[in-house]
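Q: Below is a structure I'd like to ask you about.
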Amino acid sequence: MVFHSPNFFVFFLLLLLPYFLWRSKRNALLAVANVIFYAASGLGMLALFLAVTLIVFGCVHLMRRPGFGWVYQAALVFCIVNLCVFKYSLFLLSSISGVFSVHTALQGWAAEHIFLPVGISFYTFHLISYLVDVRRGTTVPTPSFIKFWIYVALFPQLVAGPIMRGNELIPQLDEIEKKRIKWDEIKFGIYLFGVGLVKKVIFADPLAGIANPLFARAYELTPVESWMAAYTFGFQIYFDFSAYSDMALGIGYILGIKLVQNFNLPYISGSPSEFWKRWHISLSRWIRDYIYIGLGGSRRSPARTQFNLFAAMMLSGLWHGAMWTFVIWGALHGLLQAIHRIMRGLDRWPRIKRLRQSKAYRIAAVSVFFHIVIWTWVFFRAQSFGEAWHMTTQMAQVNWIALFTDSGMALIVALYALHLFEYVLRRRQAEAARWWHVVPFPVRGLLYAALLLVLFYYMEGDAYDFIYFQF
Amino acid sequence: MTSSTSNSSVGPEKEAGGSDSPDGFVNRADGSRQARSRRRGPLRRIGLGLLVFALLVTGLEIFVFRSAAFYAHAPGFVGQIGEVEATFDAEDEAKIHTIILGDSMSRDGLRPTLLAKASGEPADAFFNFSLSGGSAFDMAHMYASVEDRLPNLQTAIVAVQEHQFNNDDAGTDSKFRYYANLQERFQAMNAHNYGELLMGWTLKSYDLRGEWRKMVDKYGTGDLYDRVRVYKDEHGLPADPTYPPKGKTKRYAEATAERWFADYEPDGVRTKAFEQMLRKLHKRGVRIVMVQLPRSDYFEQAVGSGYAADEREFQDLMGRLAKRYEAEYARIPNDSLDFEREFRDTNHVNPEGAQWVGDYVARTYLN
């Protein structure tokens, strides 16, 4: 059930009525809503999810007792094994058979019988995060299984994040039954949901119509076409994923729950480290806190720090999907992080530091890094390494004048301008709201109606999906 | 990255985008306006813009998106309903004593002018309400919309085909969405389409987006009709003159049969609506003639070889319904028709075929 489907609208409206009327039962309602939301994916998946959550909840409380410290490691292994069995077993088996040129019976069996439970990557991260935070003492475990279940399975963030921490969400749940949700919060939630809807329906889906046919003939693409495919996919995935996050945040506000922001205009980044502070922020934070720091962070030698960065990003790539192309995509970002870290050492020379602080450098850095990110998306989107490599070699041979004068470039420039507009709008949200109310109310009403019709115009068919649902 | 582990370059040092909050969006933006709004009452607080929006949407729903005449400017599945209604409006209703209900096969095969000629009746005594893709549900609703305007109705020729009674996924049909009330939508509902059907019931602009989307595209290319077309001399929609490419091949017949019988389910909202129509016709004493129009051998073979059980179920259903409402039911044979000369594809007759069908129906049922 995705947010821009009518099934979700009906589900959400049916939840809202008792949620606002019956304040003292909000947690129970949320818990039931999560069950219904997830059950739409299949009862088997729901049973697995509930069982895993119950086991980890038990472990969280058991591991704090004297002599049961080992339960923590066991629970972590359990979560990772659960993820690996359902998400990576086929990938591991096919990789092994690829290396040793053997096809095992197990591989065929796995292909036929193992399914990928919806949101498994996200709920596993929630569970691990909770276990580690309790172990580190940064989170006090909740005695309520209902609240723990809501934390792990809260429907706005269940399928594609943002990835929350226990100490961010559970205290909000402790207060939710007393909270009076303000009309301003609801309005803001509707606004964010609307922004997400526009991004998804008017931009992401039509861009898929351009990117998909190009990637479908990856081996035949010319250098200019390869860049166009990469550009359009780069914007498609941004609009698609950030749309989902905006809608999730909006739903959260309507329910009186503040979720963490997941995107902050990533294509204005001038470096890899900035990019990961703007792209899928909650994942970067998770990787940083539970993998990078777990590996030792930057407390060890410079070489070890670089390795930790690289390994963390590679794992991030693998998390996105059980394919070598994702691993390479993660590795490329790890490599970029490591190079950037070395380059930052040059700041010790004042002249270089001054240059880096100039506007001209910033513009150049953003332009160059934008193109690097766009190139890395090729590995993310391509169906095989061969396709991605072919496109990469084509992109390397491009005639930049031909590329920038290509007719398709107008769309890319317009999309980037839109991205910058979003940047301005986010920064000046309060002023924009004030200006919006200067517009005469009949015109505002007319524009709302026009927007609704435009959304309906772009909502084709009865099939709905988001790219990040596959992860 | 500094030496501190928490100051990593992998993730944000603090949550980015603190501006994303209702405080930044509303309170600080127009705190004084909010205060004024509170003093002005709940409507102001909700927003006059939203109120205008609600009024506009309601107006559009009533006068545009729920009107068949609107869609008739670029006839698609729903637009043809507007054309039939406009054509019927131009008729002298009191003269009509025989109506034809059905799908594209009866639109092509049961031409009022040919029936009139063969039966010796005037052409305006007939009216053909057949719709392209017309299901049993569409027939029932089309009849319901005109039943009070047919004072001298004596005979209803109801053309039945298997696809009209396939209730699987009835909710996806845009004609169903145009006509269906809430109760009928519940009958077509399942775990996948409940949102579509409920939201569509509330907002036809959403429900029929596929129809008006085509109109917008046609407007862009200048292909929209200025006015609704009326086929007064045809007494219904005109026959389709097109010959589909490869429409006379075995493969075409198999593909059509596959479409007609996909997950065949004869019980459901379409069949219920049809039975209700038969009940009403029977109650008012109208003679009901249910006919299955002739199809090519290719098509009959495709049905016989692939869907024999479903076909039996359909024939049993027609037999039962005919018996229950004292209707006549017959399958018009194809053995007198020349496939190459009298069909335009494997299941639609062309004008020559329509001549034969008209003669047959007039001879058998109208004299």
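Quick note on naming: the chains in the structure tokens go A, B, ... in the order shown, residues restart at 1 in each chain, and ligands are numbered from 1 in order of appearance.
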Where does chain A meet chain B within 7 Å, residue by residue, with the nearest atom pair and distance in Å to one decimal for each, counting only C-alpha atoms, listed by chain and rising number, as JSON lines?
A:
{"residue": "A:Pro6", "atom": "CA", "partner": "B:Gly195", "partner_atom": "CA", "distance": 4.3}
{"residue": "A:Asn7", "atom": "CA", "partner": "B:Gly195", "partner_atom": "CA", "distance": 3.8}
{"residue": "A:Val10", "atom": "CA", "partner": "B:Gly195", "partner_atom": "CA", "distance": 5.8}
{"residue": "A:Asp184", "atom": "CA", "partner": "B:Pro22", "partner_atom": "CA", "distance": 6.2}
{"residue": "A:Glu185", "atom": "CA", "partner": "B:Pro22", "partner_atom": "CA", "distance": 5.5}
{"residue": "A:Phe188", "atom": "CA", "partner": "B:Pro22", "partner_atom": "CA", "distance": 5.4}
{"residue": "A:Asn264", "atom": "CA", "partner": "B:Gly17", "partner_atom": "CA", "distance": 6.3}
{"residue": "A:Ser273", "atom": "CA", "partner": "B:Ser9", "partner_atom": "CA", "distance": 4.8}
{"residue": "A:Trp276", "atom": "CA", "partner": "B:Gly11", "partner_atom": "CA", "distance": 5.7}
{"residue": "A:Lys277", "atom": "CA", "partner": "B:Pro12", "partner_atom": "CA", "distance": 4.4}
{"residue": "A:Ile281", "atom": "CA", "partner": "B:Gly11", "partner_atom": "CA", "distance": 6.6}
{"residue": "A:Ser284", "atom": "CA", "partner": "B:Gly11", "partner_atom": "CA", "distance": 4.5}
{"residue": "A:Arg285", "atom": "CA", "partner": "B:Gly11", "partner_atom": "CA", "distance": 4.5}
{"residue": "A:Arg288", "atom": "CA", "partner": "B:Val10", "partner_atom": "CA", "distance": 5.5}
{"residue": "A:Ile293", "atom": "CA", "partner": "B:Thr5", "partner_atom": "CA", "distance": 6.3}
{"residue": "A:Gly297", "atom": "CA", "partner": "B:Thr5", "partner_atom": "CA", "distance": 5.2}
{"residue": "A:Ser298", "atom": "CA", "partner": "B:Thr5", "partner_atom": "CA", "distance": 5.4}
{"residue": "A:Arg299", "atom": "CA", "partner": "B:Ser3", "partner_atom": "CA", "distance": 6.3}
{"residue": "A:Arg341", "atom": "CA", "partner": "B:Met1", "partner_atom": "CA", "distance": 6.7}
{"residue": "A:Arg426", "atom": "CA", "partner": "B:Ser19", "partner_atom": "CA", "distance": 6.9}
{"residue": "A:Arg427", "atom": "CA", "partner": "B:Ser19", "partner_atom": "CA", "distance": 6.8}
{"residue": "A:Gln429", "atom": "CA", "partner": "B:Phe25", "partner_atom": "CA", "distance": 5.7}
{"residue": "A:Ala430", "atom": "CA", "partner": "B:Ala29", "partner_atom": "CA", "distance": 4.4}
{"residue": "A:Glu431", "atom": "CA", "partner": "B:Ala29", "partner_atom": "CA", "distance": 6.0}
{"residue": "A:Ala433", "atom": "CA", "partner": "B:Ala29", "partner_atom": "CA", "distance": 6.0}
{"residue": "A:Arg434", "atom": "CA", "partner": "B:Ala29", "partner_atom": "CA", "distance": 5.3}
{"residue": "A:Phe441", "atom": "CA", "partner": "B:Gly49", "partner_atom": "CA", "distance": 4.4}
{"residue": "A:Pro442", "atom": "CA", "partner": "B:Val52", "partner_atom": "CA", "distance": 5.9}
{"residue": "A:Arg444", "atom": "CA", "partner": "B:Gly49", "partner_atom": "CA", "distance": 5.1}
{"residue": "A:Gly445", "atom": "CA", "partner": "B:Phe53", "partner_atom": "CA", "distance": 4.1}
{"residue": "A:Leu446", "atom": "CA", "partner": "B:Phe53", "partner_atom": "CA", "distance": 6.1}
{"residue": "A:Tyr448", "atom": "CA", "partner": "B:Phe53", "partner_atom": "CA", "distance": 6.1}
{"residue": "A:Ala449", "atom": "CA", "partner": "B:Phe53", "partner_atom": "CA", "distance": 5.6}
{"residue": "A:Phe456", "atom": "CA", "partner": "B:Tyr206", "partner_atom": "CA", "distance": 5.8}
{"residue": "A:Tyr457", "atom": "CA", "partner": "B:Arg213", "partner_atom": "CA", "distance": 5.8}
Q: When you look at Pro272 (chain A) with a cut-off of 10 Å (counting only C-alpha atoms), what residues show up, excluding the ones that are within fewer than 3 positions of it in the same chain? I need them as a VMD selection string.
A: (chain A and resid 269 275 to 278 333 to 341 369 to 370 372 to 373) or (chain B and resid 9 to 10)
Q: Between A:Lys359, A:Arg217, A:Ala33, A:Ser89, single out the one closest to Trp109 (chain A), counting only C-alpha atoms.
A: A:Ser89
Q: Which parts of region 170-270 of chain B does DSSP call helix (DSSP H, G or I) when run on the backbone here, written out as a PyMOL selection string?
A: chain B and resi 170-172+174-179+182-187+194-202+204-207+209-221+250-260+269-270
Q: Determine the nearest neighbour of Pro351 (chain B) from the options B:Lys218, B:Glu91, B:Gln183, B:Thr242, counting only C-alpha atoms.
A: B:Thr242
Q: Just how far from CA of Gly194 (chain A) is CA of Phe155 (chain A), in Å to one decimal?
A: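 So the answer is 18.0 Å.
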Q: Might you pull out every residue within 8 Å of region 240-251 of chain A, with only C-alpha atoms counted and same-chain residues fewer than 2 positions away left off, and present them as a ChimeraX atom specification?
A: /A:3,156-157,160-162,188-200,204-205,236-238,253-255,258-263,466-468
Q: Quick one: of A:Ile176, A:Leu54, A:Val424, A:Ser271, who's nearest to Arg356 (chain A), counting only C-alpha atoms?
A: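 Closest residue, counting only C-alpha atoms: A:Ser271.
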Q: Using only C-alpha atoms, which residues sit within 8 Å of region 342-350 of chain B once same-chain residues fewer than 3 positions away are excluded, as a tab-separated table (two decimals) with C-alpha atoms, in the first residue's frame?
A:
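Final file, around_15.tsv:
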chain	number	residue	atom	x	y	z
B	104	SER	CA	-20.45	-3.44	-30.42
B	105	MET	CA	-21.62	-6.66	-32.05
B	108	ASP	CA	-22.92	-3.39	-35.99
B	109	GLY	CA	-25.33	-6.26	-36.53
B	241	PRO	CA	-16.70	0.74	-40.53
B	242	THR	CA	-13.12	-0.25	-39.67
B	243	TYR	CA	-11.50	-3.56	-40.45
B	244	PRO	CA	-8.91	-4.30	-37.72
B	247	GLY	CA	-8.88	-9.16	-37.68
B	248	LYS	CA	-9.86	-12.19	-39.71
B	249	THR	CA	-7.18	-14.54	-38.44
B	252	TYR	CA	-7.21	-12.64	-33.55
B	253	ALA	CA	-10.11	-14.92	-32.60
B	294	PRO	CA	-23.34	-14.99	-34.98
B	295	ARG	CA	-19.56	-15.20	-34.71
B	296	SER	CA	-17.09	-16.73	-37.13
B	297	ASP	CA	-16.00	-20.37	-37.01
B	298	TYR	CA	-12.56	-19.20	-35.90
B	299	PHE	CA	-14.09	-17.61	-32.87
B	337	LEU	CA	-22.93	-16.12	-43.39
B	338	ASP	CA	-19.86	-15.93	-45.57
B	339	PHE	CA	-16.90	-15.15	-43.32
B	353	GLY	CA	-23.59	-9.34	-42.64
B	354	ALA	CA	-25.84	-6.87	-40.83
Q: Name all residues at most 10 Å from Trp286 (chain A) (count only C-alpha atoms; drop same-chain ones fewer than 2 positions away) and give them as a list in words.
A: Phe125, His126, Ile128, Ser129, Ile163, Met164, Arg165, Ile281, Ser282, Leu283, Ser284, Arg288, Asp289, Tyr290, Ile291, Tyr292, Ile293 and Ser316 of chain A; Val10 and Gly11 of chain B
Q: How would you write, as a count of residues only, the set of residues in region 157-341 of chain B that DSSP gives as strand (DSSP E)?
A: 13
Q: When you count only C-alpha atoms, which of these residues is closest to Arg270 (chain B): B:Phe176, B:Phe186, B:Tyr307, B:Tyr329?
A: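 The answer is B:Phe176, which sits nearest to Arg270 (chain B).
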Q: By how many Å are CA of Thr138 (chain A) and CA of Met63 (chain A) apart?
A: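 Taking CA of Thr138 (chain A) and CA of Met63 (chain A), their separation equals 15.0 Å.
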Q: Extract, using only C-alpha atoms, all DNA, RNA and protein residues at most 9 Å from Ala216 (chain A), discarding same-chain residues fewer than 3 positions from it, and format them as a short mmCIF file (atom, residue, chain, number, x, y, z; two decimals) with all heavy atoms, in the first residue's frame.
A:
data_model
loop_
_atom_site.label_atom_id
_atom_site.label_comp_id
_atom_site.auth_asym_id
_atom_site.auth_seq_id
_atom_site.Cartn_x
_atom_site.Cartn_y
_atom_site.Cartn_z
N ALA A 211 13.63 7.60 -18.61
CA ALA A 211 14.84 6.86 -18.20
C ALA A 211 14.74 5.37 -18.52
O ALA A 211 15.72 4.78 -19.01
CB ALA A 211 15.10 7.08 -16.72
N ASN A 212 13.59 4.77 -18.25
CA ASN A 212 13.48 3.31 -18.42
C ASN A 212 13.79 2.84 -19.85
O ASN A 212 14.56 1.90 -20.02
CB ASN A 212 12.10 2.82 -17.97
CG ASN A 212 11.93 2.94 -16.47
OD1 ASN A 212 12.90 3.15 -15.74
ND2 ASN A 212 10.71 2.82 -15.99
N PRO A 213 13.19 3.47 -20.87
CA PRO A 213 13.51 3.00 -22.22
C PRO A 213 14.99 3.17 -22.57
O PRO A 213 15.56 2.36 -23.31
CB PRO A 213 12.65 3.88 -23.13
CG PRO A 213 11.61 4.46 -22.26
CD PRO A 213 12.19 4.54 -20.90
N TYR A 219 23.19 -0.94 -23.91
CA TYR A 219 24.36 -1.26 -24.75
C TYR A 219 24.37 -0.48 -26.07
O TYR A 219 25.37 -0.45 -26.74
CB TYR A 219 24.40 -2.75 -25.04
CG TYR A 219 24.91 -3.57 -23.88
CD1 TYR A 219 24.09 -4.46 -23.21
CD2 TYR A 219 26.23 -3.43 -23.44
CE1 TYR A 219 24.56 -5.21 -22.13
CE2 TYR A 219 26.71 -4.17 -22.37
CZ TYR A 219 25.86 -5.05 -21.72
OH TYR A 219 26.33 -5.78 -20.66
N ALA A 382 21.70 0.36 -13.53
CA ALA A 382 21.92 -0.64 -14.59
C ALA A 382 21.62 -2.04 -14.10
O ALA A 382 21.73 -2.33 -12.90
CB ALA A 382 23.37 -0.56 -15.05
N GLN A 383 21.23 -2.89 -15.03
CA GLN A 383 20.87 -4.27 -14.67
C GLN A 383 22.10 -5.15 -14.46
O GLN A 383 22.01 -6.23 -13.89
CB GLN A 383 19.99 -4.87 -15.76
CG GLN A 383 18.60 -4.25 -15.82
CD GLN A 383 17.84 -4.41 -14.52
OE1 GLN A 383 17.70 -5.50 -13.99
NE2 GLN A 383 17.36 -3.30 -13.96
#
